[in-house]
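Structure file protein-v1.csv; described as CSV, C-alpha atoms.
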```csv
chain,number,residue,atom,x,y,z
A,1,MET,CA,-38.7,49.3,-24.3
A,2,SER,CA,-35.7,49.6,-26.5
A,3,ALA,CA,-33.7,46.6,-27.7
A,4,LEU,CA,-30.8,47.7,-25.5
A,5,LEU,CA,-33.0,47.8,-22.4
A,6,ARG,CA,-34.5,44.4,-23.3
A,7,ARG,CA,-31.0,42.8,-23.6
A,8,ARG,CA,-29.9,44.4,-20.3
A,9,SER,CA,-33.0,43.1,-18.6
A,10,ALA,CA,-32.5,39.6,-20.0
A,11,ALA,CA,-28.8,39.6,-18.9
A,12,GLY,CA,-29.9,40.7,-15.4
A,13,GLY,CA,-32.3,37.8,-15.2
A,14,VAL,CA,-29.6,35.3,-16.1
A,15,VAL,CA,-27.3,36.7,-13.4
A,16,LEU,CA,-30.1,36.7,-10.9
A,17,ALA,CA,-30.9,33.1,-11.7
A,18,VAL,CA,-27.3,32.0,-11.3
A,19,LEU,CA,-27.0,33.8,-7.9
A,20,LEU,CA,-30.2,32.2,-6.7
A,21,ALA,CA,-29.0,28.7,-7.8
A,22,LEU,CA,-25.7,29.3,-6.0
A,23,ALA,CA,-27.5,30.4,-2.9
A,24,ALA,CA,-29.9,27.4,-3.0
A,25,SER,CA,-27.2,24.8,-3.5
A,26,PRO,CA,-26.0,23.4,-0.1
A,27,ALA,CA,-22.4,24.1,0.7
A,28,ARG,CA,-20.3,20.9,0.8
A,29,ALA,CA,-19.4,20.2,4.4
A,30,TYR,CA,-16.2,18.2,5.0
A,31,THR,CA,-15.3,16.4,8.1
A,32,PHE,CA,-11.6,15.9,8.3
A,33,VAL,CA,-9.8,13.2,10.2
A,34,TYR,CA,-6.9,14.4,12.4
A,35,THR,CA,-4.1,12.2,13.6
A,36,SER,CA,-1.4,13.1,16.0
A,37,ILE,CA,2.1,12.4,14.8
A,38,PRO,CA,4.0,12.4,18.1
A,39,SER,CA,7.8,12.5,18.5
A,40,TRP,CA,9.1,12.2,14.9
A,41,ASN,CA,12.8,12.0,14.5
A,42,LEU,CA,14.2,13.5,11.3
A,43,SER,CA,17.7,13.6,9.9
A,44,THR,CA,19.1,14.6,6.5
A,45,ILE,CA,18.4,11.1,5.3
A,46,THR,CA,14.8,10.5,4.4
A,47,SER,CA,12.9,8.2,6.7
A,48,THR,CA,9.4,7.0,7.2
A,49,TYR,CA,7.2,8.0,10.2
A,50,GLY,CA,6.2,5.3,12.7
A,51,GLY,CA,8.1,2.4,11.2
A,52,GLY,CA,6.0,2.6,8.0
A,53,THR,CA,2.6,3.3,9.6
A,54,GLN,CA,0.0,3.4,6.8
A,55,PHE,CA,-2.7,6.1,6.6
A,56,HIS,CA,-5.6,6.5,4.3
A,57,ILE,CA,-7.3,9.5,2.8
A,58,SER,CA,-10.6,9.8,4.7
A,59,THR,CA,-13.9,9.4,3.0
A,60,THR,CA,-15.3,12.5,4.7
A,61,GLY,CA,-12.6,15.1,3.8
A,62,ASP,CA,-11.9,16.9,0.6
A,63,GLY,CA,-9.3,14.4,-0.6
A,64,SER,CA,-6.3,16.5,0.6
A,65,VAL,CA,-3.6,15.3,2.9
A,66,GLN,CA,-2.3,18.1,5.0
A,67,TYR,CA,0.4,18.2,7.7
A,68,ARG,CA,1.4,20.7,10.3
A,69,TRP,CA,4.1,20.8,13.0
A,70,THR,CA,2.5,21.4,16.4
A,71,ASP,CA,6.0,21.9,17.8
A,72,VAL,CA,8.0,24.9,16.6
A,73,THR,CA,10.7,23.4,14.5
A,74,ASP,CA,14.2,24.7,14.4
A,75,HIS,CA,15.3,23.2,11.0
A,76,ASP,CA,13.9,23.5,7.5
A,77,ASN,CA,12.3,20.2,6.6
A,78,ASP,CA,10.4,18.4,3.9
A,79,ILE,CA,7.4,16.1,4.5
A,80,SER,CA,6.0,13.9,1.8
A,81,GLY,CA,3.4,11.2,1.2
A,82,ALA,CA,4.4,8.0,-0.6
A,83,SER,CA,2.4,5.1,-1.9
A,84,CYS,CA,1.9,2.1,0.5
A,85,SER,CA,2.2,-0.1,-2.5
A,86,ASP,CA,5.3,1.0,-4.4
A,87,TYR,CA,6.7,3.9,-2.4
A,88,SER,CA,6.3,6.4,-5.3
A,89,SER,CA,5.9,9.9,-4.0
A,90,PHE,CA,2.4,11.5,-4.2
A,91,GLY,CA,3.6,14.9,-3.2
A,92,ASP,CA,5.4,16.9,-0.6
A,93,HIS,CA,5.8,20.3,1.1
A,94,PHE,CA,9.0,22.1,2.2
A,95,TYR,CA,8.5,23.6,5.6
A,96,LEU,CA,10.7,26.5,6.7
A,97,ALA,CA,11.9,26.2,10.3
A,98,GLY,CA,9.2,27.4,12.7
A,99,VAL,CA,6.2,27.0,10.4
A,100,THR,CA,3.3,25.5,12.3
A,101,ASP,CA,0.5,26.0,9.8
A,102,TYR,CA,-1.2,23.3,7.8
A,103,ARG,CA,0.3,22.7,4.4
A,104,THR,CA,-1.0,20.4,1.7
A,105,LEU,CA,1.2,17.4,0.8
A,106,PHE,CA,-1.0,16.1,-2.0
A,107,SER,CA,-4.6,15.4,-2.9
A,108,SER,CA,-6.1,12.2,-4.3
A,109,PHE,CA,-9.2,10.0,-3.9
A,110,SER,CA,-10.6,8.7,-0.6
A,111,GLY,CA,-9.2,5.5,0.6
A,112,LEU,CA,-5.8,6.0,-0.9
A,113,CYS,CA,-3.1,4.5,1.3
A,114,PHE,CA,0.1,6.4,2.0
A,115,VAL,CA,3.1,6.6,4.4
A,116,LEU,CA,4.6,9.8,5.7
A,117,ARG,CA,8.3,10.4,4.9
A,118,GLY,CA,10.5,13.3,5.8
A,119,TYR,CA,14.0,14.8,6.2
A,120,VAL,CA,15.7,18.0,7.4
A,121,THR,CA,18.0,20.0,5.2
A,122,SER,CA,20.8,20.0,7.9
A,123,GLY,CA,21.4,18.6,11.3
A,124,ALA,CA,18.6,16.6,12.9
A,125,MET,CA,15.3,17.1,14.8
A,126,TYR,CA,14.4,14.7,17.5
A,127,GLY,CA,11.0,14.3,19.1
A,128,TYR,CA,9.1,17.0,17.3
A,129,SER,CA,5.4,16.4,17.0
A,130,GLY,CA,2.8,17.3,14.4
A,131,GLU,CA,-0.6,16.5,13.1
A,132,LEU,CA,-2.0,14.9,10.0
A,133,LYS,CA,-5.3,16.2,8.5
A,134,ARG,CA,-7.0,14.1,5.8
B,1,MET,CA,13.3,-72.7,-1.1
B,2,THR,CA,15.2,-71.0,-3.9
B,3,SER,CA,12.3,-71.2,-6.3
B,4,SER,CA,10.0,-69.6,-3.7
B,5,ARG,CA,12.5,-66.8,-3.0
B,6,VAL,CA,12.5,-65.6,-6.5
B,7,PRO,CA,8.7,-65.0,-6.6
B,8,ARG,CA,9.0,-63.2,-3.2
B,9,LYS,CA,11.6,-60.9,-4.7
B,10,VAL,CA,9.4,-60.4,-7.7
B,11,LEU,CA,6.5,-59.8,-5.4
B,12,ALA,CA,8.6,-57.4,-3.3
B,13,LEU,CA,9.6,-55.6,-6.5
B,14,LEU,CA,6.0,-55.4,-7.6
B,15,VAL,CA,4.9,-54.1,-4.2
B,16,SER,CA,7.8,-51.7,-4.2
B,17,SER,CA,6.8,-50.5,-7.7
B,18,ALA,CA,3.2,-50.2,-6.6
B,19,SER,CA,4.3,-48.1,-3.7
B,20,ILE,CA,6.4,-45.9,-5.8
B,21,ALA,CA,3.5,-45.6,-8.2
B,22,ALA,CA,1.2,-44.7,-5.3
B,23,VAL,CA,3.7,-42.1,-4.1
B,24,LEU,CA,3.9,-40.7,-7.6
B,25,THR,CA,0.2,-40.6,-7.8
B,26,VAL,CA,0.0,-38.8,-4.5
B,27,SER,CA,2.7,-36.5,-5.6
B,28,GLY,CA,0.8,-35.9,-8.8
B,29,HIS,CA,-2.2,-35.0,-6.8
B,30,ALA,CA,-0.2,-32.7,-4.6
B,31,GLY,CA,1.1,-31.1,-7.8
B,32,ALA,CA,-2.4,-30.6,-9.0
B,33,SER,CA,-3.3,-28.8,-5.8
B,34,ALA,CA,-0.3,-26.6,-5.9
B,35,PRO,CA,-2.5,-23.5,-6.5
B,36,ASP,CA,-3.5,-23.9,-2.8
B,37,ARG,CA,0.0,-23.0,-1.8
B,38,PRO,CA,-0.7,-19.2,-1.9
B,39,VAL,CA,-3.7,-19.8,0.4
B,40,GLN,CA,-1.5,-21.7,2.8
B,41,GLN,CA,1.1,-18.8,2.6
B,42,ALA,CA,-1.7,-16.4,3.2
B,43,ASP,CA,-2.8,-18.4,6.3
B,44,ASP,CA,0.8,-18.5,7.6
B,45,LEU,CA,1.1,-14.7,7.2
B,46,ALA,CA,-2.2,-14.2,9.0
B,47,ALA,CA,-0.8,-16.1,11.9
B,48,ALA,CA,2.5,-14.1,11.9
B,49,PRO,CA,3.2,-11.9,14.9
B,50,ASP,CA,2.6,-8.1,14.8
B,51,LEU,CA,5.2,-5.9,13.2
B,52,ASP,CA,7.7,-4.1,15.4
B,53,ARG,CA,7.4,-0.6,14.1
B,54,SER,CA,9.6,0.8,16.9
B,55,ALA,CA,12.8,-0.8,15.4
B,56,PRO,CA,15.1,1.7,13.8
B,57,ALA,CA,15.3,2.0,10.0
B,58,GLY,CA,18.7,1.0,8.8
B,59,TYR,CA,18.5,-0.3,5.3
B,60,ASP,CA,19.6,1.8,2.3
B,61,PRO,CA,17.6,1.3,-0.9
B,62,ALA,CA,19.9,-1.5,-2.2
B,63,GLN,CA,19.6,-3.3,1.1
B,64,ALA,CA,15.9,-2.7,1.3
B,65,ARG,CA,15.5,-4.4,-2.1
B,66,SER,CA,17.6,-7.3,-0.9
B,67,VAL,CA,15.6,-7.6,2.3
B,68,ALA,CA,12.4,-7.4,0.3
B,69,GLY,CA,13.6,-10.2,-1.9
B,70,ARG,CA,14.2,-12.5,1.0
B,71,ARG,CA,11.0,-11.6,3.0
B,72,GLY,CA,8.9,-11.6,-0.1
B,73,ALA,CA,9.4,-15.3,-0.5
B,74,ALA,CA,6.9,-15.7,2.4
B,75,VAL,CA,4.3,-13.4,0.9
B,76,PRO,CA,1.9,-15.1,-1.5
B,77,LEU,CA,1.7,-13.7,-5.0
B,78,PRO,CA,-0.3,-14.7,-8.1
B,79,PRO,CA,1.7,-16.4,-10.9
B,80,ASN,CA,4.2,-14.0,-12.5
B,81,GLY,CA,3.8,-11.6,-9.7
B,82,ASN,CA,6.9,-10.0,-8.1
B,83,PHE,CA,7.9,-7.0,-6.0
B,84,ASN,CA,10.5,-5.7,-8.5
B,85,GLY,CA,8.6,-2.4,-9.2
B,86,ILE,CA,8.7,-1.0,-5.7
B,87,GLU,CA,10.7,2.2,-5.9
B,88,TRP,CA,13.2,1.8,-3.1
B,89,GLU,CA,15.9,3.6,-5.0
B,90,ARG,CA,13.8,6.5,-6.3
B,91,ALA,CA,12.2,7.0,-2.8
B,92,GLY,CA,15.7,7.0,-1.3
B,93,GLY,CA,16.6,7.3,2.4
B,94,VAL,CA,16.4,4.5,4.8
B,95,PHE,CA,13.9,1.8,5.5
B,96,GLY,CA,13.1,-0.5,8.4
B,97,ASP,CA,12.0,-4.1,8.5
B,98,ALA,CA,8.4,-3.3,9.4
B,99,GLU,CA,7.9,-0.9,6.6
B,100,ILE,CA,9.5,-3.2,4.1
B,101,GLU,CA,7.1,-6.0,5.3
B,102,GLY,CA,4.2,-3.5,5.2
B,103,ALA,CA,5.0,-2.5,1.6
B,104,LEU,CA,5.3,-6.1,0.5
B,105,GLU,CA,2.0,-7.1,2.1
B,106,PHE,CA,0.2,-4.1,0.6
B,107,ASN,CA,1.7,-4.7,-2.8
B,108,ALA,CA,0.8,-8.4,-2.6
B,109,ALA,CA,-2.8,-7.5,-1.6
B,110,CYS,CA,-2.9,-5.3,-4.7
B,111,GLN,CA,-1.7,-8.0,-7.0
B,112,TRP,CA,-4.4,-10.4,-5.6
B,113,MET,CA,-7.0,-7.6,-5.9
B,114,ARG,CA,-6.2,-7.3,-9.6
B,115,ALA,CA,-6.2,-11.0,-10.0
B,116,ALA,CA,-9.6,-11.3,-8.5
B,117,HIS,CA,-10.9,-8.5,-10.7
B,118,ASP,CA,-9.4,-10.2,-13.8
B,119,GLY,CA,-10.9,-13.5,-12.8
B,120,THR,CA,-7.8,-15.3,-13.9
B,121,ASN,CA,-6.9,-17.0,-10.6
B,122,GLY,CA,-9.1,-19.3,-8.6
B,123,ASP,CA,-7.2,-18.6,-5.4
B,124,ALA,CA,-7.6,-14.9,-5.5
B,125,LEU,CA,-10.6,-14.4,-3.3
B,126,ALA,CA,-9.5,-17.1,-0.9
B,127,VAL,CA,-6.1,-15.3,-0.4
B,128,LEU,CA,-7.9,-11.9,-0.1
B,129,ASP,CA,-10.1,-13.4,2.6
B,130,ARG,CA,-6.9,-13.7,4.7
B,131,VAL,CA,-5.4,-10.3,3.9
B,132,PRO,CA,-7.2,-8.4,6.7
B,133,ASN,CA,-5.4,-10.5,9.2
B,134,TRP,CA,-1.9,-10.0,7.8
B,135,PRO,CA,0.3,-8.0,10.1
B,136,THR,CA,0.3,-4.7,8.3
B,137,PHE,CA,-3.5,-4.7,7.9
B,138,ARG,CA,-4.8,-6.3,11.2
B,139,HIS,CA,-4.6,-3.1,13.2
B,140,GLY,CA,-5.7,-0.8,10.4
B,141,ASP,CA,-8.9,1.1,9.8
B,142,GLY,CA,-10.8,-2.0,8.5
B,143,SER,CA,-11.2,-0.7,5.0
B,144,ILE,CA,-9.4,-3.7,3.5
B,145,GLY,CA,-12.0,-6.0,5.0
B,146,GLN,CA,-14.7,-3.9,3.4
B,147,ALA,CA,-12.8,-4.0,0.1
B,148,VAL,CA,-12.6,-7.8,0.2
B,149,ALA,CA,-16.3,-8.1,1.1
B,150,GLU,CA,-17.1,-5.9,-1.9
B,151,ALA,CA,-14.7,-8.0,-4.1
B,152,HIS,CA,-16.8,-11.0,-3.2
B,153,ALA,CA,-20.0,-9.1,-4.1
B,154,GLY,CA,-18.6,-8.1,-7.4
B,155,GLY,CA,-18.1,-4.4,-6.7
B,156,GLY,CA,-18.5,-1.5,-4.3
B,157,PRO,CA,-16.9,1.9,-3.7
B,158,VAL,CA,-14.1,0.8,-1.3
B,159,TYR,CA,-13.2,-2.1,-3.6
B,160,GLU,CA,-13.3,0.1,-6.7
B,161,ALA,CA,-11.1,2.7,-5.0
B,162,MET,CA,-8.5,0.1,-3.9
B,163,LEU,CA,-8.6,-1.5,-7.3
B,164,ALA,CA,-7.9,1.9,-8.9
B,165,GLU,CA,-5.0,2.5,-6.5
B,166,CYS,CA,-3.6,-1.0,-7.3
B,167,GLU,CA,-3.9,-0.6,-11.0
B,168,ALA,CA,-2.2,2.8,-10.9
B,169,SER,CA,0.5,1.4,-8.7
B,170,HIS,CA,1.0,-1.5,-11.1
B,171,ASP,CA,1.4,0.8,-14.1
B,172,ARG,CA,4.1,2.7,-12.2
B,173,GLU,CA,5.8,-0.6,-11.1
B,174,VAL,CA,5.9,-1.9,-14.6
B,175,ARG,CA,7.7,1.2,-15.8
B,176,TYR,CA,10.0,1.3,-12.8
B,177,ALA,CA,11.0,-2.3,-13.0
B,178,ALA,CA,11.8,-1.9,-16.6
B,179,GLU,CA,13.9,1.1,-15.9
B,180,GLN,CA,15.8,-0.9,-13.3
B,181,GLY,CA,16.4,-3.7,-15.8
B,182,LEU,CA,14.1,-6.0,-13.8
B,183,THR,CA,11.2,-8.2,-14.8
B,184,PRO,CA,7.9,-6.4,-14.2
B,185,SER,CA,5.1,-8.1,-12.5
B,186,SER,CA,2.3,-9.3,-14.7
```
Kindly present the structure from the file in structure tokens form.
Amino acid sequence: MSALLRRRSAAGGVVLAVLLALAASPARAYTFVYTSIPSWNLSTITSTYGGGTQFHISTTGDGSVQYRWTDVTDHDNDISGASCSDYSSFGDHFYLAGVTDYRTLFSSFSGLCFVLRGYVTSGAMYGYSGELKR
Amino acid sequence: MTSSRVPRKVLALLVSSASIAAVLTVSGHAGASAPDRPVQQADDLAAAPDLDRSAPAGYDPAQARSVAGRRGAAVPLPPNGNFNGIEWERAGGVFGDAEIEGALEFNAACQWMRAAHDGTNGDALAVLDRVPNWPTFRHGDGSIGQAVAEAHAGGGPVYEAMLAECEASHDREVRYAAEQGLTPSS
């Protein structure tokens, strides 16, 4: 066997070992916690959902905090997560009107406490519902 | 008669002096037990009614800071603790009574959590014992109760996570308070 063939054979063995290791490792299964966010009123002035209702990143999810509108919105809007302790912003997402897919607001460690805040870029939205995934 | 009145006055004076001394002694004792005041405040807060989260939010950031200053007087804090680092102005928008109260209670719980970790305050664990019954926590997911139990035990994942959150928040608060020209919490 030539040196070239031996090197190719060795490289192939490494690739095979990596593939087998990946196949053998169990896929990490996450169980997210979903919370309905009913009837949220938003204006151009930032306000907090539910009179300051506090949420926590779940211990069974992947550490992300995601939000989606379940109602079809008619205004562009911005939803953010802020610290329960000092109200600093952890992150946000800008939703174009009508978007109903989940979008990530931020990611952090399990147990982290946050409040949901939001505003619309113009006008107001009354009674629109959504869902929080964490 | 006259000669007997004088000793009575002297006696009365002595009795009076003794009473004052006794009162001072008692006061001194009360002063010595002053660290129990946070525990009493924590008890009072645990007995407070539920928050009304349905009330509309109407305070701008400056008003929220002012309201927090007033309401914060009823929320126990470790020595040199304060709420100056809460980012009302940077967060912007409007705030309601319930969320201001909630932020104060969470922030205070954090300050006591750090005090318990540092071991610098003998009341810390006693105050933390009462935190799960504070209005903003009592209908929560129960994680604060687990964190407090783990604080008693000297550690645990929920406690460690909350402590990390509290320390990160404190770092931000110190910077923000300084930016606002306010005294940061210790």
One decimal place gives the CA of Pro132 (chain B)-CA of Arg37 (chain B) separation as 18.4 Å
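When all atoms listed in the file are used to measure the gap to chain A, the shortest distance among B:Gly155, B:Pro78, B:Gly58, B:Gly181 belongs to B:Gly58.
When all atoms listed in the file are used to compute distances to chain A, the closest of the residues B:Ala124, B:Leu77, B:Ala57, B:Ala149 turns out to be B:Ala57.
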Can you list, as number ranges by chain, every protein, DNA or RNA residue that comes within 7 Å of Arg114 (chain B) when you count only C-alpha atoms, leaving out same-chain residues fewer than 4 positions away?
-> B: 110, 118, 163
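Summary of the local environment: counting all atoms listed in the file, residues at most 9 Å from Ser88 (chain A), other than itself and those fewer than 3 positions away along its chain, are A:Gly81, A:Ala82, A:Ser83, A:Cys84, A:Ser85, B:Ile86, B:Glu87, B:Trp88, B:Arg90, B:Ala91, B:Ser169, B:Arg172.
Taking all atoms listed in the file into account, chain B lies nearest to A:Ser80 out of the set A:Ser36, A:Gln66, A:Ser80, A:Thr73.
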Select residues of chain A: the criterion is any atom within 9 Å of an atom of chain B, counting only C-alpha atoms; output as a short mmCIF file (atom, residue, chain, number, x, y, z; two decimals) with C-alpha atoms, keeping the file's coordinate frame.
```cif
data_model
loop_
_atom_site.label_atom_id
_atom_site.label_comp_id
_atom_site.auth_asym_id
_atom_site.auth_seq_id
_atom_site.Cartn_x
_atom_site.Cartn_y
_atom_site.Cartn_z
CA THR A 44 19.10 14.60 6.50
CA ILE A 45 18.40 11.10 5.30
CA THR A 46 14.80 10.50 4.40
CA SER A 47 12.90 8.20 6.70
CA THR A 48 9.40 7.00 7.20
CA GLY A 50 6.20 5.30 12.70
CA GLY A 51 8.10 2.40 11.20
CA GLY A 52 6.00 2.60 8.00
CA THR A 53 2.60 3.30 9.60
CA GLN A 54 0.00 3.40 6.80
CA PHE A 55 -2.70 6.10 6.60
CA HIS A 56 -5.60 6.50 4.30
CA ALA A 82 4.40 8.00 -0.60
CA SER A 83 2.40 5.10 -1.90
CA CYS A 84 1.90 2.10 0.50
CA SER A 85 2.20 -0.10 -2.50
CA ASP A 86 5.30 1.00 -4.40
CA TYR A 87 6.70 3.90 -2.40
CA SER A 88 6.30 6.40 -5.30
CA SER A 89 5.90 9.90 -4.00
CA PHE A 109 -9.20 10.00 -3.90
CA SER A 110 -10.60 8.70 -0.60
CA GLY A 111 -9.20 5.50 0.60
CA LEU A 112 -5.80 6.00 -0.90
CA CYS A 113 -3.10 4.50 1.30
CA TYR A 119 14.00 14.80 6.20
#
```
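Of the residues under consideration (A:Ser107, A:Phe90, A:Gly98, A:Ser43), A:Ser43 shows the shortest atom-to-atom contact distance to Val120 (chain A) when counting all atoms listed in the file.
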